[in-house]
Amino acid sequence: MIAVLCERATDRPPGLDGLPADFRYCAADGLREAVRGARALMLWDFFSTAVRDVWADADALEWIHVTAAGVDTLLFDELRDSAVVVTNAHGVFDRPIAEYVLGAVIANAKDSLRSFDLQRGRRWQHRETRSVLGAKALVVGTGAIGRETARLLRAAGLEVRGAGRVARGDDPDFGEIVASSNLQAEAGWADHVVIAAPLTAETRGLVDGAVLAAMRPGAHLVNVARGPIVDETALLAAVHDGRIAVTLDVFDNEPLPPDHPLWDAPNVTVTAHMSGDVIGWRDTLADQFASNVRRWLAGEPLLNIVDKKLGYIPTGDR
């Protein structure tokens with residue numbers, strides 16, 4: 001028996017009907033009943049926090065799969081301390097998010113926001129823009145998404161460094177990795193600071209007012225990770241002071257409220273947590289889960305097992 005938590009009880013992830021397992025589909029208000037006796041749980045509604053509320057009813061649970069790269073909304077102490085295995089959608093979003101970051105970097109260099117404003121006003125204003133060739137990018141987060149981002153930025157001609165838990169040199173993707181704990185001292189090196197780290201106790205609030213103040217004038221911050229990694233109050237102050245430009249795909253509260261000041265802040269691009277969501281992404285997520293179900297039923301090791309204490313798959317120091 002596998003419970004599937006969906007945003008609506010009538011939702012059905014594609015491609016599961018042919019699997020030799022019984023599925024119980026539910027929304028959050030039906031999860032308590034659905035999880036009783038279930039040996040596995042798929043979080044198709046991957047931002048739900050409902051598992052914590054029904055944990056006492058998960059009497060047979062062995063495995064939870066989250067159809068997202070980040071598992072921060074799922075993890076809680078009782079789950080961390082249990083024998084339940086957690087897997088995620090590792091690998092699905094790497095290239096799409098890297099493409100989003102490259103697009104944001106190019107749009108910033110080519111002053112696209114200003115071009116859109118001029119077009120809406122039917123104003124012809126010739127100006128010069130910057131090249132990305134030779135620009136410097138600091139990618140905060142050295143997991144799979146950060147690495148794919150680094151490779152794509154390097155291919156476009158940028159000089160790239162990583163920021164992770166442990167500083168080291170001669171990395172095949174980043175060249176040099178600096179310590180993210182020393183981010184304030186490192187941020188001034190970059191034209192573009194890209195946040196691609198998982199949300200953990202160590203990364204929450206990592207990009208604070210001091211880090212933002214240390215960024216070079218005219219630099220560009222891109223956040224494709226989680227909103228709480230960046231201090232939004234300090235960020236608003238930085239953009240209103242004209243010090244930096246910002247591209248944000250994630251926020252403290254989502255959906256971003258219509259009256260939130262980030263909508264109208266200068267030099268800010270807002271997208272709706274969609275950096276990894278290319279056409280066909282739901283099919284890919286379902287196929288990945290179905291493959292792991294077959295492994296699970298055959299008694300084979302599961303893929304993409306998350307270290308519940310760290311909060312991510314330990315593919316390298318992040």
# chains A, B, ... in the order shown; residues from 1 in each chain; ligands from 1
>>> closest_atom_pairs(of="region 7-114 of chain A", to="region 125-144 of chain A", cutoff="10 Å", atoms="only C-alpha atoms", output="tab-separated table")
residue	atom	partner	partner_atom	distance
A:Ala69	CA	A:Ala144	CA	9.8
A:His90	CA	A:Ala144	CA	7.8
A:Gly91	CA	A:Ala144	CA	7.1
A:Phe93	CA	A:Ala144	CA	9.2
A:Asp94	CA	A:Ala144	CA	6.4
A:Arg95	CA	A:Ala144	CA	9.4
A:Leu102	CA	A:Val132	CA	9.7
A:Val105	CA	A:Val132	CA	7.6
A:Ile106	CA	A:Val132	CA	6.6
A:Ala107	CA	A:Val132	CA	9.9
A:Asn108	CA	A:Arg130	CA	8.7
A:Ala109	CA	A:Arg130	CA	5.0
A:Lys110	CA	A:Thr129	CA	5.1
A:Asp111	CA	A:Thr129	CA	6.5
A:Ser112	CA	A:Thr129	CA	9.5
A:Arg114	CA	A:Gln125	CA	10.0
>>> residues_around(residues="Val246 (chain A)", least_positions_apart="4", cutoff="8 Å", atoms="only C-alpha atoms", output="ChimeraX atom specification")
/A:220-222,239,267-269
>>> write_last_selection(atoms="N, CA and C atoms", output="short mmCIF file (atom, residue, chain, number, x, y, z; two decimals), in the first residue's frame")
data_model
loop_
_atom_site.label_atom_id
_atom_site.label_comp_id
_atom_site.auth_asym_id
_atom_site.auth_seq_id
_atom_site.Cartn_x
_atom_site.Cartn_y
_atom_site.Cartn_z
N HIS A 220 24.71 41.39 -8.81
CA HIS A 220 23.43 40.76 -9.10
C HIS A 220 23.30 39.51 -8.24
N LEU A 221 22.20 39.41 -7.49
CA LEU A 221 21.92 38.25 -6.66
C LEU A 221 20.81 37.43 -7.31
N VAL A 222 21.01 36.12 -7.42
CA VAL A 222 20.00 35.20 -7.95
C VAL A 222 19.70 34.16 -6.88
N VAL A 239 18.16 46.80 -2.40
CA VAL A 239 17.70 47.17 -3.75
C VAL A 239 17.17 48.60 -3.78
N ASN A 267 14.96 47.21 -9.82
CA ASN A 267 15.97 46.22 -10.22
C ASN A 267 15.71 44.84 -9.63
N VAL A 268 14.43 44.47 -9.51
CA VAL A 268 14.07 43.15 -8.99
C VAL A 268 13.24 42.42 -10.05
N THR A 269 13.63 41.19 -10.35
CA THR A 269 12.85 40.30 -11.20
C THR A 269 12.24 39.21 -10.32
#
>>> residues_around(residues="Gln184 (chain A)", least_positions_apart="6", cutoff="7 Å", atoms="only C-alpha atoms", output="PyMOL selection string")
chain A and resi 210-211+214
>>> residues_around(residues="region 71-82 of chain A", least_positions_apart="2", cutoff="9 Å", atoms="only C-alpha atoms", output="PyMOL selection string")
chain A and resi 46-52+55+66+68-69+84-88+198-200+306-309+311-312
>>> residues_around(residues="Ala21 (chain A)", least_positions_apart="4", cutoff="12 Å", atoms="only C-alpha atoms", output="list in words")
Met1, Ile2, Ala3, Val4, Leu16, Asp17, Ala38, Arg39, Ala40, Ala290, Val293, Arg294, Trp296, Leu297 and Ala298 of chain A
>>> closest_residue(among="A:Gly162, A:Ala58, A:Asp45, A:Pro96", to="Ile279 (chain A)", atoms="only C-alpha atoms")
A:Pro96
>>> atom_distance(atom1="CA of Ile305 (chain A)", atom2="CA of Ala150 (chain A)")
23.7 Å
>>> closest_residue(among="A:Pro301, A:Leu183, A:Leu153, A:Asn292", to="His65 (chain A)", atoms="only C-alpha atoms")
A:Asn292
>>> select_by_dssp(residues="region 14-142 of chain A", states="strand (DSSP E)", output="ChimeraX atom specification")
/A:23-26,40-43,63-66,85-87,136-140
>>> residues_around(residues="Glu33 (chain A)", least_positions_apart="4", cutoff="9 Å", atoms="only C-alpha atoms", output="PyMOL selection string")
chain A and resi 26+29+37+54+57
>>> write_last_selection(atoms="N, CA, C and O atoms", output="mmCIF file, in the first residue's frame")
data_model
loop_
_atom_site.group_PDB
_atom_site.id
_atom_site.type_symbol
_atom_site.label_atom_id
_atom_site.label_comp_id
_atom_site.auth_asym_id
_atom_site.auth_seq_id
_atom_site.Cartn_x
_atom_site.Cartn_y
_atom_site.Cartn_z
ATOM 1 N N CYS A 26 -4.958 11.076 -1.819
ATOM 2 C CA CYS A 26 -5.654 11.933 -0.860
ATOM 3 C C CYS A 26 -5.093 13.344 -0.935
ATOM 4 O O CYS A 26 -4.012 13.574 -1.465
ATOM 5 N N ASP A 29 -6.290 16.846 3.990
ATOM 6 C CA ASP A 29 -7.313 16.546 4.993
ATOM 7 C C ASP A 29 -7.649 15.065 5.059
ATOM 8 O O ASP A 29 -8.308 14.612 6.003
ATOM 9 N N GLY A 37 -1.444 2.098 7.785
ATOM 10 C CA GLY A 37 -1.168 0.839 7.120
ATOM 11 C C GLY A 37 -0.339 0.965 5.856
ATOM 12 O O GLY A 37 0.086 -0.054 5.291
ATOM 13 N N VAL A 54 0.234 13.985 11.033
ATOM 14 C CA VAL A 54 -0.338 12.631 11.053
ATOM 15 C C VAL A 54 0.712 11.574 11.400
ATOM 16 O O VAL A 54 0.474 10.377 11.208
ATOM 17 N N ASP A 57 -0.058 8.348 13.135
ATOM 18 C CA ASP A 57 -0.873 7.370 12.402
ATOM 19 C C ASP A 57 -0.068 6.598 11.366
ATOM 20 O O ASP A 57 -0.587 5.640 10.773
#
